[in-house]
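Source file: model-v7.txt. Holds: compact mmCIF, C-alpha atoms and all ligand atoms.
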```txt
# COMPACT_ATOMS: atom_id res chain seq x y z
CA MET X 12 -26.80 -16.61 -17.53
CA ILE X 13 -29.40 -13.99 -16.64
CA ASN X 14 -28.55 -14.47 -12.96
CA GLU X 15 -24.89 -13.87 -13.72
CA LEU X 16 -25.69 -10.70 -15.63
CA VAL X 17 -27.87 -9.39 -12.81
CA LEU X 18 -25.12 -10.19 -10.30
CA GLN X 19 -22.50 -8.50 -12.46
CA ARG X 20 -24.62 -5.34 -12.73
CA ARG X 21 -25.23 -5.32 -8.98
CA LEU X 22 -21.50 -5.72 -8.24
CA HIS X 23 -20.71 -2.99 -10.74
CA ALA X 24 -23.18 -0.63 -9.06
CA VAL X 25 -21.64 -1.34 -5.64
CA TRP X 26 -18.10 -0.84 -7.01
CA ARG X 27 -19.13 2.53 -8.49
CA LYS X 28 -20.43 3.66 -5.11
CA HIS X 29 -17.21 2.56 -3.39
CA ARG X 30 -15.18 4.48 -5.98
CA LYS X 31 -17.33 7.57 -5.57
CA ILE X 32 -16.70 7.72 -1.82
CA MET X 33 -12.99 6.95 -2.24
CA HIS X 34 -12.59 9.57 -4.92
CA TYR X 35 -14.33 12.18 -2.79
CA LEU X 36 -12.20 11.48 0.27
CA LEU X 37 -8.86 10.69 -1.37
CA HIS X 38 -8.51 13.17 -4.24
CA PRO X 39 -5.33 15.30 -4.02
CA ASP X 40 -6.71 18.02 -1.70
CA ALA X 41 -8.78 15.67 0.44
CA ALA X 42 -5.83 13.30 0.88
CA LEU X 43 -3.92 16.14 2.60
CA SER X 44 -6.30 15.84 5.55
CA PHE X 45 -4.93 12.34 6.25
CA ARG X 46 -1.29 13.40 6.47
CA PRO X 47 -1.37 13.66 10.30
CA HIS X 48 -2.56 10.02 10.43
CA VAL X 49 0.33 8.99 8.16
CA LEU X 50 2.90 10.98 10.13
CA LYS X 51 1.82 9.44 13.42
CA SER X 52 2.13 5.86 12.18
CA THR X 53 5.48 6.70 10.54
CA HIS X 54 6.85 7.98 13.86
CA ASN X 55 5.52 4.89 15.59
CA LEU X 56 7.32 2.82 12.95
CA LEU X 57 10.60 4.55 13.78
CA GLN X 58 10.09 3.76 17.46
CA ARG X 59 9.38 0.12 16.57
CA PHE X 60 12.68 0.01 14.69
CA LEU X 61 14.40 1.27 17.87
CA ASP X 62 12.73 -1.42 19.97
CA GLU X 63 12.60 -4.34 17.52
CA PRO X 64 15.19 -3.66 14.82
CA ASP X 65 15.13 -7.24 13.49
CA ASN X 66 11.44 -7.32 12.65
CA VAL X 67 11.63 -5.32 9.39
CA LEU X 68 8.59 -6.70 7.59
CA GLY X 69 6.56 -6.98 10.81
CA ASN X 70 7.25 -3.33 11.69
CA LEU X 71 6.31 -2.16 8.20
CA ARG X 72 3.08 -4.17 8.29
CA TYR X 73 2.17 -2.60 11.60
CA MET X 74 2.78 0.88 10.22
CA ALA X 75 0.67 0.28 7.11
CA GLY X 76 -2.06 -1.32 9.22
CA GLU X 77 -2.06 1.58 11.68
CA THR X 78 -2.32 4.15 8.88
CA ILE X 79 -5.22 2.45 7.17
CA MET X 80 -7.07 1.71 10.43
CA SER X 81 -7.02 5.39 11.27
CA VAL X 82 -7.76 6.62 7.73
CA ALA X 83 -10.55 4.11 7.08
CA TYR X 84 -12.09 3.88 10.57
CA GLY X 85 -10.53 6.52 12.83
CA LEU X 86 -9.44 3.75 15.21
CA ASP X 87 -6.35 3.94 17.41
CA ILE X 88 -4.49 0.71 17.67
CA LYS X 89 -2.56 -0.99 20.48
CA PRO X 90 1.26 -0.76 20.27
CA LYS X 91 1.43 -4.59 20.04
CA ASN X 92 -0.86 -7.47 19.06
CA ASP X 93 -3.70 -5.17 18.07
CA PRO X 94 -6.88 -7.24 17.50
CA TYR X 95 -8.07 -5.06 14.57
CA ILE X 96 -4.77 -5.39 12.76
CA GLN X 97 -4.56 -9.11 13.47
CA THR X 98 -8.08 -9.71 12.13
CA ALA X 99 -7.49 -7.52 9.09
CA GLU X 100 -4.18 -9.24 8.29
CA LYS X 101 -5.90 -12.65 8.32
CA GLY X 102 -8.64 -11.32 6.05
CA VAL X 103 -6.16 -9.74 3.64
CA HIS X 104 -4.14 -12.95 3.43
CA ALA X 105 -7.28 -14.84 2.52
CA LEU X 106 -8.09 -12.30 -0.19
CA VAL X 107 -4.54 -12.27 -1.51
CA ALA X 108 -4.38 -16.06 -1.72
CA ALA X 109 -7.72 -16.21 -3.52
CA ALA X 110 -6.72 -13.44 -5.94
CA VAL X 111 -3.54 -15.05 -7.30
CA PRO X 112 -4.49 -15.76 -10.92
CA GLY X 113 -4.43 -19.49 -11.60
CA ALA X 114 -3.64 -20.44 -7.99
CA PHE X 115 -6.63 -22.76 -8.07
CA LEU X 116 -7.52 -25.23 -10.76
CA VAL X 117 -11.11 -24.02 -10.52
CA ASP X 118 -9.97 -20.71 -12.10
CA MET X 119 -9.03 -22.63 -15.24
CA LEU X 120 -11.75 -25.27 -15.11
CA PRO X 121 -14.88 -23.53 -13.83
CA PHE X 122 -16.95 -26.76 -13.88
CA LEU X 123 -14.93 -27.85 -10.81
CA LYS X 124 -17.07 -25.59 -8.65
CA TYR X 125 -19.83 -28.23 -8.92
CA VAL X 126 -17.56 -30.98 -7.50
CA PRO X 127 -18.58 -31.95 -3.92
CA GLU X 128 -16.41 -30.67 -1.11
CA TRP X 129 -15.35 -34.19 0.04
CA MET X 130 -13.88 -35.13 -3.37
CA PRO X 131 -10.07 -35.34 -3.40
CA GLY X 132 -8.70 -32.14 -4.91
CA ALA X 133 -11.81 -30.11 -4.10
CA GLY X 134 -10.08 -28.40 -1.14
CA PHE X 135 -10.75 -24.98 -2.65
CA GLN X 136 -14.38 -25.18 -1.48
CA LYS X 137 -13.40 -25.63 2.15
CA LYS X 138 -10.83 -22.88 1.80
CA ALA X 139 -13.37 -20.59 0.16
CA LYS X 140 -15.68 -21.01 3.18
CA GLU X 141 -12.89 -20.33 5.68
CA TRP X 142 -11.78 -17.28 3.73
CA ALA X 143 -15.30 -15.93 3.41
CA LYS X 144 -15.58 -16.07 7.21
CA LEU X 145 -12.24 -14.31 7.70
CA THR X 146 -13.07 -11.53 5.26
CA MET X 147 -16.51 -10.99 6.81
CA THR X 148 -14.90 -10.61 10.27
CA MET X 149 -12.35 -8.27 8.77
CA LEU X 150 -15.13 -6.10 7.37
CA ASP X 151 -17.34 -6.18 10.47
CA MET X 152 -15.07 -5.86 13.47
CA PRO X 153 -13.48 -2.43 12.88
CA PHE X 154 -16.66 -1.06 11.34
CA VAL X 155 -18.74 -1.92 14.42
CA ALA X 156 -16.07 -0.31 16.63
CA ALA X 157 -15.99 2.82 14.45
CA LYS X 158 -19.79 3.07 14.63
CA GLN X 159 -19.71 2.78 18.42
CA GLN X 160 -17.08 5.50 18.61
CA PHE X 161 -19.21 7.72 16.38
CA ALA X 162 -22.34 7.09 18.47
CA GLN X 163 -20.38 8.11 21.60
CA GLY X 164 -19.39 11.36 19.91
CA LYS X 165 -15.68 10.45 19.75
CA VAL X 166 -15.16 11.46 16.15
CA THR X 167 -11.72 11.25 14.53
CA HIS X 168 -11.54 12.27 10.87
CA SER X 169 -11.81 9.08 8.80
CA VAL X 170 -13.59 7.67 5.76
CA THR X 171 -16.15 5.94 8.02
CA SER X 172 -16.82 8.93 10.29
CA TYR X 173 -17.29 11.21 7.27
CA CYS X 174 -19.83 8.82 5.74
CA LEU X 175 -21.69 8.23 9.02
CA GLN X 176 -21.92 12.00 9.42
CA LYS X 177 -23.54 12.24 5.97
CA VAL X 178 -26.07 9.57 6.98
CA GLU X 179 -26.84 11.43 10.21
CA GLU X 180 -27.39 14.64 8.23
CA GLY X 181 -30.01 12.73 6.21
CA THR X 182 -28.24 12.61 2.85
CA THR X 183 -30.31 11.21 0.00
CA ASP X 184 -27.17 10.09 -1.86
CA GLU X 185 -27.46 6.31 -2.25
CA SER X 186 -23.70 5.84 -1.84
CA TYR X 187 -24.02 6.45 1.87
CA GLN X 188 -25.63 3.18 2.92
CA GLU X 189 -24.19 1.12 5.75
CA GLU X 190 -23.25 -1.80 3.48
CA ILE X 191 -21.43 0.50 1.09
CA ILE X 192 -19.57 2.39 3.83
CA ARG X 193 -18.48 -0.90 5.43
CA GLY X 194 -17.30 -2.25 2.07
CA THR X 195 -15.45 0.94 1.15
CA ALA X 196 -13.50 1.02 4.42
CA GLY X 197 -12.69 -2.70 4.15
CA THR X 198 -11.48 -2.35 0.56
CA LEU X 199 -9.12 0.42 1.62
CA TYR X 200 -7.47 -1.88 4.14
CA SER X 201 -7.09 -4.78 1.73
CA ALA X 202 -5.72 -2.60 -1.09
CA GLY X 203 -3.66 -0.15 0.92
CA SER X 204 -1.69 -2.27 3.38
CA ASP X 205 0.46 -4.80 1.46
CA THR X 206 1.15 -2.25 -1.29
CA THR X 207 2.77 0.29 1.04
CA VAL X 208 4.72 -2.45 2.85
CA SER X 209 6.01 -3.77 -0.46
CA ALA X 210 7.32 -0.39 -1.62
CA VAL X 211 9.16 0.50 1.61
CA ALA X 212 10.56 -3.03 2.05
CA SER X 213 11.86 -3.06 -1.55
CA CYS X 214 13.56 0.29 -1.05
CA ILE X 215 15.36 -0.96 2.07
CA LEU X 216 16.62 -3.90 -0.04
CA ALA X 217 17.97 -1.45 -2.61
CA LEU X 218 19.70 0.66 0.06
CA LEU X 219 21.28 -2.48 1.52
CA GLU X 220 22.81 -3.27 -1.86
CA ASP X 221 24.21 0.23 -2.44
CA SER X 222 25.37 2.10 0.64
CA ASP X 223 26.43 5.13 -1.47
CA ILE X 224 22.76 5.86 -2.18
CA LEU X 225 21.97 5.73 1.54
CA LYS X 226 24.85 8.07 2.40
CA LYS X 227 23.95 10.54 -0.34
CA ALA X 228 20.32 10.57 0.85
CA GLN X 229 21.43 11.11 4.46
CA ARG X 230 23.59 14.05 3.40
CA GLU X 231 20.61 15.63 1.67
CA LEU X 232 18.39 15.10 4.72
CA ASP X 233 21.05 16.50 7.08
CA SER X 234 21.22 19.66 5.00
CA VAL X 235 17.45 20.25 5.24
CA VAL X 236 16.10 18.76 8.49
CA LYS X 237 17.10 20.70 11.61
CA PRO X 238 19.14 18.72 14.16
CA GLY X 239 16.86 17.01 16.69
CA HIS X 240 13.88 17.06 14.28
CA LEU X 241 12.35 14.53 11.91
CA PRO X 242 11.49 15.05 8.22
CA ASP X 243 8.01 16.41 7.46
CA PHE X 244 5.87 16.63 4.34
CA ASP X 245 6.77 20.33 4.03
CA ASP X 246 10.35 19.27 3.29
CA MET X 247 9.35 17.40 0.13
CA ASP X 248 10.32 20.15 -2.33
CA SER X 249 13.73 20.55 -0.66
CA LEU X 250 14.51 16.82 -0.82
CA PRO X 251 14.58 15.87 -4.53
CA TYR X 252 16.96 12.94 -3.99
CA ILE X 253 14.50 11.34 -1.53
CA THR X 254 11.73 11.89 -4.09
CA ALA X 255 13.92 10.28 -6.75
CA ILE X 256 14.49 7.30 -4.44
CA ALA X 257 10.72 6.94 -3.90
CA LEU X 258 10.06 7.13 -7.66
CA GLU X 259 12.82 4.63 -8.43
CA THR X 260 11.43 2.25 -5.79
CA LEU X 261 7.99 2.26 -7.43
CA ARG X 262 9.62 1.64 -10.81
CA TRP X 263 12.32 -0.90 -9.85
CA ARG X 264 10.13 -3.33 -7.92
CA ASP X 265 6.73 -2.34 -9.26
CA VAL X 266 4.33 -3.29 -6.45
CA VAL X 267 1.51 -4.52 -8.72
CA PRO X 268 3.35 -5.89 -11.77
CA ILE X 269 0.17 -6.77 -13.63
CA ALA X 270 -2.86 -4.65 -12.82
CA ILE X 271 -6.40 -5.95 -12.34
CA PRO X 272 -7.51 -7.86 -15.50
CA ARG X 273 -10.15 -6.07 -17.61
CA TYR X 274 -13.07 -7.61 -19.45
CA LEU X 275 -13.81 -5.88 -22.76
CA GLN X 276 -17.43 -4.76 -23.05
CA ALA X 277 -17.09 -3.78 -26.73
CA ASP X 278 -14.81 -4.60 -29.69
CA ASP X 279 -11.61 -2.53 -29.64
CA GLU X 280 -8.48 -2.05 -31.68
CA TYR X 281 -4.85 -1.49 -30.68
CA LYS X 282 -2.12 -0.71 -33.23
CA GLY X 283 -4.07 -2.50 -35.93
CA TYR X 284 -4.89 -5.56 -33.80
CA ARG X 285 -8.59 -6.26 -33.28
CA ILE X 286 -9.50 -7.12 -29.69
CA PRO X 287 -12.98 -8.67 -29.67
CA LYS X 288 -15.64 -7.91 -27.07
CA GLY X 289 -15.40 -10.39 -24.15
CA SER X 290 -11.57 -10.56 -24.24
CA ILE X 291 -9.67 -10.29 -20.99
CA VAL X 292 -6.95 -7.63 -21.14
CA ILE X 293 -4.20 -7.66 -18.52
CA PRO X 294 -2.19 -4.43 -18.26
CA ASN X 295 1.53 -5.22 -17.93
CA ALA X 296 2.86 -2.36 -15.81
CA TRP X 297 6.10 -4.27 -15.11
CA ALA X 298 7.02 -4.23 -18.81
CA MET X 299 6.27 -0.49 -19.05
CA LEU X 300 8.42 0.28 -16.00
CA HIS X 301 11.31 -1.91 -17.20
CA ASN X 302 11.31 -0.67 -20.79
CA GLU X 303 15.00 0.05 -21.41
CA THR X 304 14.29 2.66 -24.05
CA VAL X 305 12.54 4.72 -21.37
CA TYR X 306 14.59 3.60 -18.35
CA PRO X 307 18.13 2.49 -19.40
CA ASP X 308 19.59 -0.35 -17.29
CA PRO X 309 16.09 -0.99 -15.92
CA PHE X 310 16.94 -3.71 -13.39
CA THR X 311 19.44 -1.52 -11.52
CA PHE X 312 18.28 0.85 -8.80
CA ILE X 313 19.39 4.30 -10.00
CA PRO X 314 17.51 7.21 -8.35
CA GLU X 315 19.68 9.68 -10.32
CA ARG X 316 17.75 8.78 -13.49
CA PHE X 317 14.97 11.05 -12.19
CA LEU X 318 17.28 14.03 -11.55
CA THR X 319 18.66 16.77 -13.77
CA ASN X 320 22.38 17.68 -13.70
CA ASP X 321 21.61 20.35 -11.12
CA ASP X 322 19.77 17.83 -8.90
CA LYS X 323 16.18 18.81 -9.59
CA ILE X 324 13.43 16.33 -10.50
CA ASN X 325 13.79 15.78 -14.25
CA LYS X 326 10.32 16.30 -15.72
CA SER X 327 11.42 14.87 -19.07
CA VAL X 328 11.88 11.35 -17.63
CA ARG X 329 8.58 9.47 -17.57
CA ASP X 330 7.17 9.43 -14.04
CA PRO X 331 6.62 5.78 -12.96
CA ARG X 332 3.31 6.80 -11.41
CA HIS X 333 1.90 6.68 -14.96
CA ALA X 334 1.90 2.87 -14.63
CA CYS X 335 2.55 1.74 -11.05
CA PHE X 336 -0.87 2.90 -9.81
CA GLY X 337 -2.81 1.26 -12.64
CA PHE X 338 -4.94 2.69 -15.39
CA GLY X 339 -8.30 4.18 -16.37
CA ARG X 340 -11.40 3.64 -14.29
CA ARG X 341 -9.68 1.22 -11.91
CA ILE X 342 -6.63 3.37 -11.26
CA CYS X 343 -5.59 3.26 -7.59
CA PRO X 344 -7.90 5.69 -5.74
CA GLY X 345 -5.42 5.84 -2.83
CA ARG X 346 -2.50 7.09 -4.93
CA PHE X 347 -2.52 10.68 -3.66
CA MET X 348 -2.13 9.38 -0.14
CA ALA X 349 0.09 6.40 -1.03
CA PHE X 350 2.98 8.25 -2.65
CA PRO X 351 3.44 10.77 0.22
CA ALA X 352 3.10 7.87 2.70
CA VAL X 353 5.91 5.95 1.01
CA TRP X 354 7.96 9.16 0.69
CA ILE X 355 7.70 10.13 4.38
CA ALA X 356 8.42 6.56 5.54
CA LEU X 357 11.58 6.44 3.41
CA ALA X 358 12.70 9.96 4.38
CA SER X 359 12.19 9.19 8.08
CA ILE X 360 13.92 5.79 8.04
CA ILE X 361 16.90 7.08 6.05
CA HIS X 362 17.19 10.17 8.25
CA SER X 363 17.11 8.24 11.52
CA PHE X 364 18.92 4.97 10.87
CA ASP X 365 22.02 3.40 9.47
CA ILE X 366 21.02 0.39 7.42
CA LYS X 367 23.52 -2.38 6.72
CA LYS X 368 23.56 -6.02 5.76
CA ALA X 369 23.43 -8.29 8.80
CA VAL X 370 26.40 -10.46 9.78
CA ASP X 371 26.27 -14.01 11.12
CA GLU X 372 27.95 -15.31 14.31
CA ASP X 373 31.26 -15.69 12.46
CA GLY X 374 31.15 -12.13 11.20
CA ASN X 375 30.25 -13.07 7.61
CA ILE X 376 27.88 -10.78 5.76
CA ILE X 377 24.45 -12.33 5.18
CA GLU X 378 23.62 -11.75 1.53
CA LEU X 379 20.02 -11.00 0.54
CA SER X 380 17.94 -13.38 -1.54
CA HIS X 381 15.53 -10.75 -2.97
CA GLU X 382 12.73 -13.31 -2.91
CA TYR X 383 9.16 -12.09 -3.12
CA HIS X 384 5.76 -13.53 -2.29
CA SER X 385 3.95 -13.60 -5.59
CA ALA X 386 0.43 -12.23 -5.48
CA LEU X 387 -1.42 -9.31 -7.05
CA ALA X 388 0.87 -7.07 -4.96
CA ILE X 389 4.36 -8.54 -4.63
CA VAL X 390 5.94 -8.28 -1.16
CA PRO X 391 9.56 -9.20 -0.24
CA LYS X 392 9.88 -12.32 1.89
CA PRO X 393 11.22 -11.50 5.40
CA TYR X 394 14.91 -10.64 5.32
CA LYS X 395 17.61 -9.86 7.88
CA CYS X 396 19.51 -6.60 8.10
CA SER X 397 20.98 -4.28 10.70
CA ILE X 398 19.01 -1.10 11.45
CA THR X 399 20.64 1.11 14.09
CA PRO X 400 19.92 4.74 15.10
CA ARG X 401 22.43 7.18 13.62
CA SER X 402 22.98 8.91 16.99
CA GLU X 403 21.54 9.49 20.47
CA GLN X 404 20.04 12.70 19.13
CA HIS X 405 18.18 10.86 16.36
CA GLN X 406 16.91 8.39 18.93
CA ARG X 407 15.64 11.18 21.20
CA ALA X 408 13.91 12.89 18.27
CA ILE X 409 11.94 9.70 17.57
CA ARG X 410 10.90 9.14 21.20
CA SER X 411 9.79 12.74 21.65
CA ALA X 412 7.80 12.76 18.38
CA VAL X 413 5.94 9.65 19.55
CA LEU X 414 5.26 11.25 22.94
CA GLU X 415 3.92 14.38 21.24
CA HIS X 416 1.40 12.28 19.30
CA GLU X 417 0.35 10.59 22.55
CA PHE X 418 -0.17 13.94 24.32
CA ALA X 419 -2.12 15.26 21.35
CA ALA X 420 -4.47 12.26 21.54
CA HIS X 421 -5.41 12.94 25.19
C1 LIG M 501 2.66 2.23 -2.96
C2 LIG M 501 1.41 2.03 -2.69
C3 LIG M 501 0.35 1.61 -3.68
C4 LIG M 501 0.45 1.13 -4.95
C5 LIG M 501 1.72 0.91 -5.77
C6 LIG M 501 -0.89 0.87 -5.43
C7 LIG M 501 -1.19 0.39 -6.69
C8 LIG M 501 -2.46 0.00 -7.07
C9 LIG M 501 -2.77 -0.63 -8.34
C10 LIG M 501 -1.77 -0.94 -9.45
C11 LIG M 501 -4.10 -0.89 -8.35
C12 LIG M 501 -4.88 -1.57 -9.49
C13 LIG M 501 -5.22 -0.53 -10.54
C14 LIG M 501 -5.63 -1.10 -11.88
O1 LIG M 501 -5.93 -2.28 -12.00
O2 LIG M 501 -5.68 -0.32 -12.85
C15 LIG M 501 -4.65 -0.41 -7.09
C16 LIG M 501 -5.97 -0.50 -6.73
C17 LIG M 501 -6.47 0.01 -5.57
N1 LIG M 501 -5.78 0.73 -4.61
FE1 LIG M 501 -3.80 1.09 -4.58
N2 LIG M 501 -1.77 1.20 -4.45
C18 LIG M 501 -1.07 1.65 -3.35
C19 LIG M 501 -1.57 2.10 -2.15
C20 LIG M 501 -2.90 2.25 -1.87
C21 LIG M 501 -3.43 2.86 -0.68
C22 LIG M 501 -2.60 3.44 0.47
C23 LIG M 501 -4.80 2.76 -0.77
C24 LIG M 501 -5.85 3.25 0.18
C25 LIG M 501 -5.77 4.29 0.94
C26 LIG M 501 -5.11 2.10 -2.03
C27 LIG M 501 -6.38 1.82 -2.48
C28 LIG M 501 -6.66 1.09 -3.62
C29 LIG M 501 -7.99 0.57 -3.95
C30 LIG M 501 -9.24 0.73 -3.11
C31 LIG M 501 -7.86 -0.11 -5.17
C32 LIG M 501 -8.95 -0.86 -5.93
C33 LIG M 501 -9.58 0.05 -6.97
C34 LIG M 501 -10.73 -0.60 -7.71
O3 LIG M 501 -10.96 -1.80 -7.54
O4 LIG M 501 -11.39 0.10 -8.47
N3 LIG M 501 -3.94 1.83 -2.68
N4 LIG M 501 -3.63 0.14 -6.34
```

The structure in this file should be written as structure tokens.
Ligand code: HEM
Amino acid sequence: MINELVLQRRLHAVWRKHRKIMHYLLHPDAALSFRPHVLKSTHNLLQRFLDEPDNVLGNLRYMAGETIMSVAYGLDIKPKNDPYIQTAEKGVHALVAAAVPGAFLVDMLPFLKYVPEWMPGAGFQKKAKEWAKLTMTMLDMPFVAAKQQFAQGKVTHSVTSYCLQKVEEGTTDESYQEEIIRGTAGTLYSAGSDTTVSAVASCILALLEDSDILKKAQRELDSVVKPGHLPDFDDMDSLPYITAIALETLRWRDVVPIAIPRYLQADDEYKGYRIPKGSIVIPNAWAMLHNETVYPDPFTFIPERFLTNDDKINKSVRDPRHACFGFGRRICPGRFMAFPAVWIALASIIHSFDIKKAVDEDGNIIELSHEYHSALAIVPKPYKCSITPRSEQHQRAIRSAVLEHEFAAH
């Protein structure tokens, strides 16, 4: 018991240090400094859709991976089969599988952890070892590369380079220890990749079901973005319908339907109900975001619910960000980067491509199953659709934006 308490305190202290660094580098103003990283991976995503239009989920994963690799470590990735992304994806899958509540009998029956590995049904122990190895590699590999880059003086703005700089300057702040920096960067990857993929992939599903929304959004973009250009963050205030689409996406298919469970450290009370110390409380964000008194017809994708009659964002409708990014001390520290990242990905895809349901060899429309992988963050299962550039000009704008990023890097 005492050992467990000591371990819990130690983990809590580490978590607080991670949060401190994340808060410092990802608060609203600081998050602005990562917008170039986000824009670059968004433009690369558009180019991937030109080259591999059928690989929707794969392309989105690559974009999210590229963003986080550059934000967390300042690493550039290869256009295909990047070893950092591949390693991180394996590590994240291990973490996701282990984090599904109740996926393993040992979650319910803790005494099972004492059962030997060779016993039938004790497969979780073997899995736990494999997963531990994958997550350690995921933490180490990009961190070692980022450290080497830093030592060679090739410094790109990132969470790791900022922290290593603090160490070099001789900071006495205990948060800047190698273990903590490595853990912080690794946590960003595991928390920030599937979540962004989920949001953008869900929105594409919604647009496939209602082509009027896509057309209306394209009209708005055409009236704001100059021909031959791509949307930018500066356009956000002029594109309320795109913002409404992003908000509706985060509400409609809430990425993390139930937030991280909490363990009550003291007795509490809610609406007359006593909640004793030691209880586990699980915030149900899904219920909040599908409450029909707040959001009428909650299972239908209706971006207009967030607009006034004169097409401005309606401040009197509850913003889904009050629930979709979690609550209290564990609220998503990446939220000030995450929302703009989802927004620019959606604006750019909608601006550049026509998106339609796919047809089979006989010309029949392939309907969508809307199936999701169930984990802490839900992600749509791979689906087929047709993504084609809206014109030659849109295609050229994508290729030249990607080239500009390449020139800027050299
Ligand atoms: C649409 C995108 C995203 C959504 C919907 C989302 C949502 C969430 C939610 C609901 C939580 C749990 C909060 C709670 O239990 O109260 C969380 C945690 C977290 N998120 Fe996000 N997130 C997104 C993107 C990101 C990004 C891009 C990053 C990193 C740059 C990030 C970093 C984190 C971290 C590190 C945690 C763990 C916090 C902790 O354990 O204290 N998230 N996120």

Within-7 Å residues of ligand LIG 501 (chain M), basis only C-alpha atoms and all ligand atoms, as a tab-separated table (two decimals) with C-alpha atoms, in the frame of the given file:
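Below you can see selection_39.tsv, which holds the result:
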```tsv
chain	number	residue	atom	x	y	z
X	26	TRP	CA	-18.10	-0.84	-7.01
X	30	ARG	CA	-15.18	4.48	-5.98
X	79	ILE	CA	-5.22	2.45	7.17
X	198	THR	CA	-11.48	-2.35	0.56
X	199	LEU	CA	-9.12	0.42	1.62
X	200	TYR	CA	-7.47	-1.88	4.14
X	202	ALA	CA	-5.72	-2.60	-1.09
X	203	GLY	CA	-3.66	-0.15	0.92
X	204	SER	CA	-1.69	-2.27	3.38
X	206	THR	CA	1.15	-2.25	-1.29
X	207	THR	CA	2.77	0.29	1.04
X	210	ALA	CA	7.32	-0.39	-1.62
X	261	LEU	CA	7.99	2.26	-7.43
X	265	ASP	CA	6.73	-2.34	-9.26
X	266	VAL	CA	4.33	-3.29	-6.45
X	267	VAL	CA	1.51	-4.52	-8.72
X	270	ALA	CA	-2.86	-4.65	-12.82
X	271	ILE	CA	-6.40	-5.95	-12.34
X	272	PRO	CA	-7.51	-7.86	-15.50
X	335	CYS	CA	2.55	1.74	-11.05
X	336	PHE	CA	-0.87	2.90	-9.81
X	337	GLY	CA	-2.81	1.26	-12.64
X	338	PHE	CA	-4.94	2.69	-15.39
X	339	GLY	CA	-8.30	4.18	-16.37
X	340	ARG	CA	-11.40	3.64	-14.29
X	341	ARG	CA	-9.68	1.22	-11.91
X	342	ILE	CA	-6.63	3.37	-11.26
X	343	CYS	CA	-5.59	3.26	-7.59
X	344	PRO	CA	-7.90	5.69	-5.74
X	345	GLY	CA	-5.42	5.84	-2.83
X	346	ARG	CA	-2.50	7.09	-4.93
X	348	MET	CA	-2.13	9.38	-0.14
X	349	ALA	CA	0.09	6.40	-1.03
X	350	PHE	CA	2.98	8.25	-2.65
X	353	VAL	CA	5.91	5.95	1.01
```

- Neighbour list for Lys165 in chain X as a PyMOL selection string, cut-off 12 Å, only C-alpha atoms, skip fewer than 4 positions in-chain: chain X and resi 84-87+156-161+169+172+420-421

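With all atoms listed in the file as the basis for measurement, X:Ile360 is the residue among X:Ile376, X:Leu36, X:Ile360, X:Val82 that approaches Leu61 in chain X most closely.
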
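Computed from the coordinates, the CA of Val103 in chain X to CA of Ser201 in chain X distance equals 5.4 Å.
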
- Please measure the separation of CA of Glu372 in chain X and CA of Asp65 in chain X, giving the value in Å to one decimal.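 These two atoms are separated by 15.2 Å.
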
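Across the model, the gap from CA of Val178 in chain X to CA of Ala75 in chain X is 28.3 Å.
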
- Task: Place a sphere of radius 9 Å on (-8.7, -9.3, 13.7) in the file coordinates and name every protein, DNA or RNA residue with an atom inside or on its surface, counting only C-alpha atoms; give the answer as a VMD selection string.
- Result: chain X and resid 93 to 102 145 148 to 149 152 to 153

- Query: Excluding same-chain residues fewer than 2 positions from Phe364 in chain X, what lies within 8 Å of it counting only C-alpha atoms, as a list of chain:residue names?
  - Reply: X:Ile360, X:Ile361, X:His362, X:Ile366, X:Ile398, X:Thr399, X:Pro400, X:Arg401

Applying 8 Å and only C-alpha atoms, which residues near Phe347 in chain X remain after dropping the ones on its own chain fewer than 4 positions away? List them as a tab-separated table (two decimals) with C-alpha atoms, in the coordinates of the input.
```
chain	number	residue	atom	x	y	z
X	37	LEU	CA	-8.86	10.69	-1.37
X	38	HIS	CA	-8.51	13.17	-4.24
X	39	PRO	CA	-5.33	15.30	-4.02
X	42	ALA	CA	-5.83	13.30	0.88
X	351	PRO	CA	3.44	10.77	0.22
```

- Task: Compare X:Arg46, X:Arg410, X:Arg273, X:His29 by their minimum atom-to-atom distance to Asn295 in chain X, counting all atoms listed in the file, and give me the closest one.
- Result: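 With all atoms listed in the file as the atom set, the closest residue is X:Arg273.
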
Please identify every residue of range 307-387 of chain X that has at least one atom no farther than 10 Å from an atom of range 246-250 of chain X, counting all atoms listed in the file, and for each give the shortest atom pair and the distance in Å to one decimal, arranged by chain then increasing number, as a Markdown table.
```
| residue | atom | partner | partner_atom | distance |
| --- | --- | --- | --- | --- |
| X:Asp322 | CA | X:Leu250 | CA | 9.7 |
| X:Lys323 | CA | X:Leu250 | CA | 9.1 |
| X:Ile324 | CA | X:Asp248 | CA | 9.5 |
| X:Pro351 | CA | X:Met247 | CA | 8.9 |
| X:Trp354 | CA | X:Met247 | CA | 8.4 |
| X:Ile355 | CA | X:Met247 | CA | 8.6 |
| X:Ala358 | CA | X:Leu250 | CA | 8.8 |
```

- Message: If we count all atoms listed in the file and set the cut-off at 9 Å, which residues sit around range 182-196 of chain X, ignoring sequence neighbours fewer than 5 positions away in its own chain? Please answer as a list in words.
- Response: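 The residues satisfying every condition are Val25, Trp26, Arg27, Lys28, His29, Arg30, Lys31, Ile32, Met33, Ile79, Met80, Val82, Ala83, Tyr84, Leu150, Asp151, Phe154, Val170, Thr171, Cys174, Leu175 and Lys177 of chain X.
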
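Distance check against Ile313 in chain X using all atoms listed in the file: of X:Gln163, X:Cys214, X:Lys237, X:Leu379, the minimum falls on X:Cys214.
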